[in-house]
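**Student:** Below is the file protein.cif, with mmCIF, C-alpha atoms.
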```
data_coords
loop_
_atom_site.label_atom_id
_atom_site.label_comp_id
_atom_site.auth_asym_id
_atom_site.auth_seq_id
_atom_site.Cartn_x
_atom_site.Cartn_y
_atom_site.Cartn_z
CA MET N 31 16.15 1.54 -24.55
CA LEU N 32 14.21 -0.58 -22.06
CA SER N 33 14.00 0.62 -18.47
CA ILE N 34 14.46 -1.88 -15.64
CA GLU N 35 10.71 -1.57 -14.95
CA GLU N 36 9.89 -2.54 -18.54
CA ILE N 37 12.34 -5.45 -18.41
CA LYS N 38 10.70 -6.80 -15.24
CA LEU N 39 7.25 -6.36 -16.78
CA LEU N 40 8.32 -8.22 -19.93
CA ILE N 41 9.74 -11.07 -17.84
CA GLU N 42 6.45 -11.38 -16.02
CA LYS N 43 4.49 -11.46 -19.29
CA LEU N 44 6.76 -14.07 -20.89
CA GLU N 45 6.48 -16.29 -17.84
CA LYS N 46 2.68 -16.18 -18.11
CA VAL N 47 2.40 -17.06 -21.82
CA LYS N 48 4.70 -20.11 -21.91
CA LYS N 49 3.48 -22.70 -24.46
CA GLU N 50 5.18 -25.94 -25.43
CA ASP N 51 5.73 -24.87 -29.06
CA LEU N 52 7.21 -21.55 -27.94
CA LYS N 53 9.05 -22.87 -24.91
CA GLU N 54 12.56 -22.82 -26.40
CA LEU N 55 12.17 -19.29 -27.79
CA ILE N 56 10.62 -17.93 -24.61
CA ASP N 57 13.17 -19.64 -22.35
CA SER N 58 16.08 -18.20 -24.31
CA ASN N 59 14.62 -14.69 -24.19
CA LEU N 60 13.79 -15.02 -20.51
CA ALA N 61 17.36 -16.05 -19.75
CA VAL N 62 18.73 -12.97 -21.54
CA LEU N 63 16.26 -10.63 -19.85
CA LYS N 64 16.89 -12.07 -16.40
CA ASP N 65 20.64 -11.67 -16.92
CA ILE N 66 20.04 -8.01 -17.82
CA GLU N 67 17.74 -7.56 -14.83
CA GLN N 68 20.31 -9.02 -12.43
CA ALA N 69 23.11 -6.93 -13.93
CA VAL N 70 21.09 -3.72 -13.64
CA ASP N 71 20.03 -4.50 -10.06
CA ALA N 72 23.56 -5.46 -9.04
CA ASN N 73 25.15 -2.32 -10.45
CA ASN N 74 22.63 0.28 -9.38
CA ASP N 75 22.72 0.21 -5.58
CA GLU N 76 22.95 4.00 -5.50
CA VAL N 77 19.84 4.31 -7.65
CA ILE N 78 17.97 1.81 -5.49
CA ASN N 79 18.94 3.71 -2.34
CA ARG N 80 17.77 6.93 -3.94
CA LEU N 81 14.34 5.38 -4.43
CA ASP N 82 13.99 4.96 -0.67
CA LYS N 83 12.22 8.21 0.15
CA THR N 84 13.38 10.23 3.16
CA PRO N 85 11.12 11.97 5.71
CA GLU N 86 12.13 15.28 4.12
CA TRP N 87 11.07 13.97 0.71
CA PHE N 88 7.63 13.00 2.02
CA THR N 89 7.21 16.46 3.57
CA LYS N 90 8.00 18.16 0.25
CA ASP N 91 5.65 15.78 -1.56
CA ILE N 92 2.81 16.61 0.85
CA ASP N 93 3.48 20.35 0.45
CA TYR N 94 3.22 19.93 -3.33
CA LYS N 95 -0.05 17.99 -3.03
CA ARG N 96 -1.57 20.73 -0.92
CA LYS N 97 -1.46 22.83 -4.09
CA TYR N 98 -2.07 20.01 -6.57
CA PRO N 99 -4.09 17.25 -4.87
CA ALA N 100 -3.54 13.70 -6.09
CA VAL N 101 -6.99 12.66 -4.80
CA ASP N 102 -9.95 14.47 -6.33
CA GLN N 103 -13.44 14.58 -4.81
CA TRP N 104 -14.71 11.61 -6.82
CA LEU N 105 -11.77 9.39 -5.81
CA PHE N 106 -12.06 10.53 -2.21
CA ARG N 107 -15.71 9.44 -2.11
CA MET N 108 -14.82 6.04 -3.57
CA ILE N 109 -12.12 5.44 -0.95
CA GLN N 110 -14.37 6.80 1.80
CA THR N 111 -17.14 4.37 0.82
CA LYS N 112 -14.74 1.45 1.05
CA ILE N 113 -13.59 2.57 4.50
CA PHE N 114 -17.21 2.84 5.67
CA GLN N 115 -17.73 -0.85 4.82
CA PHE N 116 -15.43 -1.65 7.74
CA ALA N 117 -16.84 0.87 10.23
CA ARG N 118 -19.56 -1.46 11.47
CA GLU N 119 -18.74 -1.21 15.16
CA SER N 120 -17.80 1.84 17.27
CA TYR N 121 -15.32 -0.18 19.31
CA TYR N 122 -13.15 -0.98 16.28
CA HIS N 123 -9.44 -0.15 16.48
CA CYS N 124 -7.64 1.13 13.39
CA LEU N 125 -4.04 1.64 12.27
CA GLU N 126 -3.35 4.18 9.52
CA ILE N 127 0.09 4.04 7.91
CA GLY N 128 1.43 7.25 6.38
CA PRO N 129 -1.54 9.53 7.18
CA GLY N 130 0.30 12.72 6.19
CA THR N 131 -2.00 15.66 6.89
CA GLY N 132 -4.89 13.35 7.73
CA MET N 133 -6.96 13.40 4.54
CA PHE N 134 -8.64 10.11 5.49
CA SER N 135 -7.97 10.17 9.23
CA LEU N 136 -11.25 12.00 9.87
CA GLU N 137 -13.11 8.93 8.61
CA PHE N 138 -12.04 7.06 11.77
CA LYS N 139 -13.04 9.71 14.32
CA SER N 140 -15.92 7.61 15.70
CA TRP N 141 -13.74 4.53 16.24
CA GLU N 142 -12.69 3.62 19.75
CA LEU N 143 -8.93 3.79 19.21
CA ASN N 144 -6.80 5.04 16.32
CA TYR N 145 -3.11 4.35 15.83
CA PHE N 146 -1.07 6.39 13.34
CA VAL N 147 2.40 5.55 12.03
CA ASP N 148 4.44 7.98 9.94
CA VAL N 149 8.06 8.92 9.23
CA ASN N 150 7.50 12.58 10.18
CA PRO N 151 6.84 13.85 13.74
CA TRP N 152 4.83 16.89 12.58
CA VAL N 153 2.00 14.58 11.45
CA GLU N 154 0.59 14.32 14.97
CA LYS N 155 -0.05 18.05 15.31
CA ALA N 156 -1.56 18.27 11.81
CA ILE N 157 -4.06 15.49 12.47
CA ARG N 158 -4.97 16.50 16.02
CA LYS N 159 -5.95 19.96 14.73
CA LYS N 160 -8.49 18.37 12.40
CA LEU N 161 -10.16 16.05 14.88
CA PRO N 162 -12.67 17.15 17.55
CA ARG N 163 -11.64 17.48 21.20
CA LYS N 164 -13.70 14.44 22.24
CA SER N 165 -11.62 12.27 19.88
CA GLN N 166 -8.19 13.35 21.15
CA GLY N 167 -7.97 10.67 23.84
CA SER N 168 -8.42 7.91 21.27
CA LEU N 169 -5.39 8.90 19.16
CA ARG N 170 -1.96 7.26 19.37
CA PHE N 171 0.95 8.48 17.21
CA TYR N 172 4.22 6.66 16.51
CA LEU N 173 7.25 7.26 14.31
CA THR N 174 8.57 4.59 11.98
CA ASP N 175 11.86 4.15 10.14
CA ARG N 176 9.88 3.34 6.99
CA THR N 177 8.83 -0.31 7.26
CA ASN N 178 7.90 -1.29 10.80
CA CYS N 179 5.17 -0.68 13.33
CA ASP N 180 6.90 -2.30 16.31
CA GLN N 181 5.32 0.04 18.85
CA ILE N 182 1.77 -0.97 17.99
CA PRO N 183 0.57 -3.72 20.37
CA SER N 184 0.10 -7.21 18.98
CA LYS N 185 -3.45 -8.22 17.99
CA SER N 186 -4.70 -4.70 18.72
CA CYS N 187 -6.35 -3.64 15.43
CA ASN N 188 -9.40 -4.68 13.46
CA PHE N 189 -8.40 -2.67 10.41
CA VAL N 190 -5.24 -1.28 8.77
CA PHE N 191 -5.49 1.45 6.13
CA SER N 192 -2.99 3.27 3.94
CA TRP N 193 -3.34 5.44 0.84
CA ASP N 194 -0.57 7.18 -1.12
CA THR N 195 2.19 5.50 0.87
CA PHE N 196 2.85 1.93 -0.31
CA VAL N 197 3.28 3.18 -3.89
CA PHE N 198 6.57 4.69 -2.71
CA LEU N 199 7.88 1.50 -1.06
CA ARG N 200 10.07 -1.13 -2.67
CA GLN N 201 8.64 -4.64 -2.86
CA GLU N 202 11.06 -5.77 -0.16
CA HIS N 203 9.78 -3.06 2.18
CA ILE N 204 6.15 -3.84 1.40
CA ARG N 205 6.80 -7.45 2.37
CA GLN N 206 8.44 -6.34 5.64
CA TYR N 207 5.50 -4.07 6.45
CA LEU N 208 2.91 -6.75 5.74
CA HIS N 209 4.82 -9.15 7.95
CA ASP N 210 4.59 -6.77 10.92
CA ILE N 211 1.01 -5.76 10.16
CA LYS N 212 0.01 -9.40 10.55
CA ARG N 213 1.25 -9.23 14.14
CA VAL N 214 -0.80 -6.07 14.78
CA LEU N 215 -4.07 -7.44 13.39
CA ILE N 216 -6.49 -9.53 15.36
CA PRO N 217 -7.55 -12.79 13.65
CA GLY N 218 -9.97 -11.89 10.86
CA GLY N 219 -8.74 -8.29 10.70
CA HIS N 220 -8.64 -6.52 7.33
CA VAL N 221 -6.09 -4.41 5.43
CA PHE N 222 -6.95 -1.83 2.74
CA ILE N 223 -3.96 -0.26 0.95
CA GLN N 224 -3.10 1.45 -2.31
CA TYR N 225 -0.26 0.00 -4.35
CA ALA N 226 1.38 0.60 -7.74
CA ASP N 227 0.37 -1.70 -10.60
CA CYS N 228 2.83 -1.19 -13.44
CA HIS N 229 0.71 -3.30 -15.77
CA TYR N 230 -0.86 0.11 -16.42
CA ASP N 231 0.99 2.87 -18.28
CA ILE N 232 0.23 5.57 -15.68
CA ASP N 233 1.78 3.54 -12.87
CA LEU N 234 4.70 2.40 -15.05
CA LEU N 235 5.48 6.01 -15.97
CA GLN N 236 5.54 7.00 -12.29
CA ALA N 237 8.02 4.17 -11.61
CA GLN N 238 10.20 5.10 -14.58
CA LYS N 239 10.40 8.66 -13.27
CA GLY N 240 11.54 7.32 -9.90
CA TYR N 241 8.49 8.81 -8.19
CA TRP N 242 6.78 5.53 -7.35
CA ASN N 243 8.53 2.20 -6.91
CA TYR N 244 7.94 -0.64 -9.34
CA ASN N 245 5.21 -3.14 -8.45
CA THR N 246 2.47 -5.11 -10.19
CA LYS N 247 -0.80 -6.77 -9.25
CA THR N 248 0.81 -10.17 -9.85
CA THR N 249 3.69 -9.50 -7.48
CA MET N 250 1.52 -7.77 -4.89
CA THR N 251 -0.85 -10.74 -4.81
CA LYS N 252 2.10 -13.09 -4.38
CA ILE N 253 3.53 -11.05 -1.48
CA ILE N 254 0.15 -10.90 0.26
CA GLN N 255 -0.41 -14.64 -0.03
CA GLU N 256 3.15 -15.58 0.93
CA GLU N 257 2.76 -13.52 4.09
CA GLY N 258 -0.20 -15.69 5.03
CA TYR N 259 -3.12 -13.36 4.21
CA GLU N 260 -6.33 -14.16 2.35
CA VAL N 261 -6.97 -11.88 -0.63
CA VAL N 262 -10.42 -10.27 -0.48
CA GLU N 263 -10.24 -7.86 -3.42
CA MET N 264 -7.62 -6.63 -5.89
CA ASN N 265 -9.10 -3.80 -7.93
CA GLN N 266 -8.78 -0.16 -8.95
CA PHE N 267 -10.92 2.93 -8.86
CA LYS N 268 -9.03 4.09 -11.96
CA PRO N 269 -5.49 3.64 -13.34
CA GLY N 270 -3.10 5.01 -10.74
CA ALA N 271 -5.57 4.25 -7.94
CA ASN N 272 -5.10 0.52 -7.47
CA TYR N 273 -5.88 -1.09 -4.15
CA ALA N 274 -5.65 -4.40 -2.33
CA ILE N 275 -7.96 -5.59 0.42
CA PHE N 276 -6.91 -8.68 2.34
CA ARG N 277 -7.44 -10.27 5.73
CA LYS N 278 -5.58 -12.17 8.40
CA PRO N 279 -7.06 -15.68 8.66
CA GLY N 280 -9.42 -16.25 11.56
CA LYS N 281 -12.69 -14.87 12.83
CA GLN N 282 -12.87 -11.65 14.79
CA LYS N 283 -15.64 -10.93 17.27
CA ALA N 284 -16.90 -8.03 15.17
CA ALA N 285 -16.02 -9.42 11.79
CA VAL N 286 -16.91 -7.91 8.44
CA ASP N 287 -18.34 -11.14 7.08
CA LYS N 288 -19.96 -9.84 3.91
CA PHE N 289 -18.02 -7.72 1.44
CA SER N 290 -19.44 -6.14 -1.69
CA GLU N 291 -17.36 -4.46 -4.35
CA ILE N 292 -18.18 -0.92 -5.46
CA LYS N 293 -19.49 -1.03 -8.99
CA LEU N 294 -17.76 1.56 -11.15
CA ASP N 295 -19.33 3.03 -14.25
#
```
Using the file provided, produce a representation of the structure as structure tokens.

**Tutor:**
Amino acid sequence: MLSIEEIKLLIEKLEKVKKEDLKELIDSNLAVLKDIEQAVDANNDEVINRLDKTPEWFTKDIDYKRKYPAVDQWLFRMIQTKIFQFARESYYHCLEIGPGTGMFSLEFKSWELNYFVDVNPWVEKAIRKKLPRKSQGSLRFYLTDRTNCDQIPSKSCNFVFSWDTFVFLRQEHIRQYLHDIKRVLIPGGHVFIQYADCHYDIDLLQAQKGYWNYNTKTTMTKIIQEEGYEVVEMNQFKPGANYAIFRKPGKQKAAVDKFSEIKLD
């Protein structure tokens, strides 16, 4: 039996391979699949609501990952290297969304100002304990209800980063977040986030289990572009570690003008 994630993935594939000689067959199958998709979506509000993770759920997930880390040393170095490509100027301001215990927050300790947004209030204490005393004055912590960063000043950040957070968000919520992030970024500012790409079996399995929420590179690219961003890079370090880098149009005073991809073996 097909899951809703597999149905959506099949719809996407059929829409891509349309040919004139196959048009009638593909159109008829697409119509059936889209009817099924709409019926499943319309009758599973409780399931959809369940997929919206609570603050308590995120706390339990972080506790589990303390014992069984989702990011190994190799992957950490790859992400760290990407972050360093943006740390060209000490007066940069950064927003990290969903920092958890601060695995990557230490990478921004030399930046002038760091904003953090999370659903759990205990995050502030966990991150402050990891950062040196001289950095404490540059930290700003805010709570979110899952999809907004209203308390962050407009045009205040050069860079927005998030890992192991957007994979848990529904496409609708990702769109809402990107809309508000655009307000936070200065012109030319960059965003670097992980997302789920269910074109790959590992990501699709996580969505089928209800752990991650369904998303694909195709849809993620569409959301980014429809929100008015310029795509810089859509890539992966490995299956299950997909990322998007994009920018708000414009030129910032301390812009990252040249961008080189990390070459993976």

**Student:** Of the candidates N:Cys124, N:Leu199, N:Ile41, N:Leu169, which shows the shortest atom-to-atom distance to Lys155 of chain N, using all atoms listed in the file?

**Tutor:** N:Leu169

**Student:** Given all atoms listed in the file, how would the per-residue table for segment 106-200 of chain N near segment 247-261 of chain N read, listing every residue at most 12 Å away with its closest atom pair and distance in Å to one decimal, sorted by chain and number, as a tab-separated table?

**Tutor:**
```
residue	atom	partner	partner_atom	distance
N:Phe196	CA	N:Met250	CA	10.8
N:Val197	CA	N:Met250	CA	11.1
N:Leu199	CA	N:Met250	CA	11.9
N:Arg200	CA	N:Met250	CA	11.1
```

**Student:** Which of these residues is nearest to Thr89 of chain N, using only C-alpha atoms: N:Glu35, N:Glu202, N:Asp148, N:Asp102?

**Tutor:** N:Asp148

**Student:** Determine, using all atoms listed in the file, which residues of segment 139-160 of chain N have any atom at most 10 Å from an atom of segment 170-189 of chain N, and tabulate each with its shortest atom pair and distance in Å to one decimal place, rows ordered by chain and then rising number, as a Markdown table.

**Tutor:**
```
| residue | atom | partner | partner_atom | distance |
| --- | --- | --- | --- | --- |
| N:Leu143 | CA | N:Arg170 | CA | 7.8 |
| N:Asn144 | CA | N:Arg170 | CA | 6.1 |
| N:Tyr145 | CA | N:Arg170 | CA | 4.7 |
| N:Phe146 | CA | N:Phe171 | CA | 4.8 |
| N:Val147 | CA | N:Tyr172 | CA | 5.0 |
| N:Asp148 | CA | N:Leu173 | CA | 5.2 |
| N:Val149 | CA | N:Thr174 | CA | 5.2 |
| N:Asn150 | CA | N:Leu173 | CA | 6.7 |
| N:Pro151 | CA | N:Leu173 | CA | 6.6 |
| N:Val153 | CA | N:Phe171 | CA | 8.5 |
| N:Glu154 | CA | N:Phe171 | CA | 6.3 |
| N:Lys155 | CA | N:Phe171 | CA | 9.8 |
| N:Ile157 | CA | N:Phe171 | CA | 9.8 |
```

**Student:** With C-alpha atoms kept, could you save the residues just selected as a short mmCIF file (atom, residue, chain, number, x, y, z; two decimals), in the coordinates of the input?

**Tutor:**
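Resulting contents of result-v6.cif:
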```cif
data_model
loop_
_atom_site.label_atom_id
_atom_site.label_comp_id
_atom_site.auth_asym_id
_atom_site.auth_seq_id
_atom_site.Cartn_x
_atom_site.Cartn_y
_atom_site.Cartn_z
CA LEU N 143 -8.93 3.79 19.21
CA ASN N 144 -6.80 5.04 16.32
CA TYR N 145 -3.11 4.35 15.83
CA PHE N 146 -1.07 6.39 13.34
CA VAL N 147 2.40 5.55 12.03
CA ASP N 148 4.44 7.98 9.94
CA VAL N 149 8.06 8.92 9.23
CA ASN N 150 7.50 12.58 10.18
CA PRO N 151 6.84 13.85 13.74
CA VAL N 153 2.00 14.58 11.45
CA GLU N 154 0.59 14.32 14.97
CA LYS N 155 -0.05 18.05 15.31
CA ILE N 157 -4.06 15.49 12.47
#
```

**Student:** Have a look at atom CA of Cys228 of chain N and atom CA of Glu36 of chain N and let me know their distance in Å, one decimal.

**Tutor:** 8.8 Å

**Student:** With distances taken over all atoms listed in the file, which residue among N:Ile113, N:Lys43, N:Thr84, N:Ser165 lies nearest Phe198 of chain N?

**Tutor:**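 Looking only at the distances to Phe198 of chain N, the closest residue turns out to be N:Thr84.
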
**Student:** Measure the distance from atom CA of Asp231 of chain N to atom CA of Glu45 of chain N in Å and round it to one decimal.

**Tutor:**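 Taking atom CA of Asp231 of chain N and atom CA of Glu45 of chain N, their separation equals 19.9 Å.
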
**Student:** Work out how far apart atom CA of Glu142 of chain N and atom CA of Ser168 of chain N are and give it in Å to one decimal.

**Tutor:**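 Atom-to-atom, atom CA of Glu142 of chain N and atom CA of Ser168 of chain N are spaced 6.2 Å apart.
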
**Student:** Measuring between only C-alpha atoms, which one of N:Ile37, N:Ile109, N:Ala226, N:Val221 shows the shortest distance to Val262 of chain N?

**Tutor:** N:Val221

**Student:** I need the residue set behind the PyMOL selection byres ((chain N and resi 112) around 12) for this file; please write it as an MDAnalysis selection string.

**Tutor:** chainID N and resid 105:111 113:118 134 137 191 220:223 263 265:267 273:275 289:293

**Student:** Hey, what's within 10 Å of Ala156 of chain N if we count all atoms listed in the file and toss same-chain stuff fewer than 4 positions away? As a VMD selection string, please?

**Tutor:** chain N and resid 129 to 132 151 to 152 160 to 161

**Student:** Can you list what the PyMOL selection byres ((chain N and resi 278) around 8) grabs from this structure, as an MDAnalysis selection string?

**Tutor:** chainID N and resid 212 215:220 258:260 276:277 279:280

**Student:** Would you compute, for all listed atoms of segment 91-110 of chain N, the axis-aligned bounding box grown by 4 Å on each side, and then report its centre and edge lengths in Å rounded to one decimal, as JSON?

**Tutor:**
```
{"center_x": -5.0, "center_y": 14.1, "center_z": -2.5, "size_x": 29.4, "size_y": 25.4, "size_z": 16.6}
```

**Student:** Quick one: of N:Gln206, N:Ala271, N:Lys281, N:Tyr122, who's nearest to Trp104 of chain N, counting all atoms listed in the file?

**Tutor:** N:Ala271

**Student:** Can you work out which one of N:Thr246, N:Gln224, N:Gln282, N:Asn272 has the shortest atom-to-atom distance to Leu40 of chain N, counting all atoms listed in the file?

**Tutor:** N:Thr246

**Student:** Reconstruct segment 228-241 of chain N at the level of N, CA and C atoms, and format the result as a PDB file, in the coordinates of the input.

**Tutor:**
```pdb
ATOM      1  N   CYS N 228       2.150  -1.632 -12.213  1.00  0.00           N
ATOM      2  CA  CYS N 228       2.830  -1.190 -13.440  1.00  0.00           C
ATOM      3  C   CYS N 228       2.422  -1.974 -14.673  1.00  0.00           C
ATOM      4  N   HIS N 229       1.350  -2.779 -14.573  1.00  0.00           N
ATOM      5  CA  HIS N 229       0.710  -3.300 -15.770  1.00  0.00           C
ATOM      6  C   HIS N 229       0.046  -2.148 -16.524  1.00  0.00           C
ATOM      7  N   TYR N 230      -0.215  -1.062 -15.820  1.00  0.00           N
ATOM      8  CA  TYR N 230      -0.860   0.110 -16.420  1.00  0.00           C
ATOM      9  C   TYR N 230       0.185   1.192 -16.707  1.00  0.00           C
ATOM     10  N   ASP N 231      -0.001   1.887 -17.824  1.00  0.00           N
ATOM     11  CA  ASP N 231       0.990   2.870 -18.280  1.00  0.00           C
ATOM     12  C   ASP N 231       1.191   3.999 -17.277  1.00  0.00           C
ATOM     13  N   ILE N 232       0.116   4.453 -16.631  1.00  0.00           N
ATOM     14  CA  ILE N 232       0.230   5.570 -15.680  1.00  0.00           C
ATOM     15  C   ILE N 232       1.154   5.184 -14.528  1.00  0.00           C
ATOM     16  N   ASP N 233       0.949   3.999 -13.986  1.00  0.00           N
ATOM     17  CA  ASP N 233       1.780   3.540 -12.870  1.00  0.00           C
ATOM     18  C   ASP N 233       3.218   3.285 -13.330  1.00  0.00           C
ATOM     19  N   LEU N 234       3.364   2.685 -14.521  1.00  0.00           N
ATOM     20  CA  LEU N 234       4.700   2.400 -15.050  1.00  0.00           C
ATOM     21  C   LEU N 234       5.485   3.686 -15.261  1.00  0.00           C
ATOM     22  N   LEU N 235       4.818   4.723 -15.768  1.00  0.00           N
ATOM     23  CA  LEU N 235       5.480   6.010 -15.970  1.00  0.00           C
ATOM     24  C   LEU N 235       5.966   6.594 -14.651  1.00  0.00           C
ATOM     25  N   GLN N 236       5.141   6.484 -13.608  1.00  0.00           N
ATOM     26  CA  GLN N 236       5.540   7.000 -12.290  1.00  0.00           C
ATOM     27  C   GLN N 236       6.775   6.263 -11.765  1.00  0.00           C
ATOM     28  N   ALA N 237       6.858   4.951 -12.050  1.00  0.00           N
ATOM     29  CA  ALA N 237       8.020   4.170 -11.610  1.00  0.00           C
ATOM     30  C   ALA N 237       9.260   4.527 -12.428  1.00  0.00           C
ATOM     31  N   GLN N 238       9.074   4.733 -13.722  1.00  0.00           N
ATOM     32  CA  GLN N 238      10.200   5.100 -14.580  1.00  0.00           C
ATOM     33  C   GLN N 238      10.791   6.450 -14.185  1.00  0.00           C
ATOM     34  N   LYS N 239       9.937   7.340 -13.715  1.00  0.00           N
ATOM     35  CA  LYS N 239      10.400   8.660 -13.270  1.00  0.00           C
ATOM     36  C   LYS N 239      11.093   8.599 -11.910  1.00  0.00           C
ATOM     37  N   GLY N 240      10.968   7.441 -11.225  1.00  0.00           N
ATOM     38  CA  GLY N 240      11.540   7.320  -9.900  1.00  0.00           C
ATOM     39  C   GLY N 240      10.657   7.906  -8.815  1.00  0.00           C
ATOM     40  N   TYR N 241       9.416   8.246  -9.176  1.00  0.00           N
ATOM     41  CA  TYR N 241       8.490   8.810  -8.190  1.00  0.00           C
ATOM     42  C   TYR N 241       7.878   7.689  -7.355  1.00  0.00           C
TER      43      TYR N 241
END
```
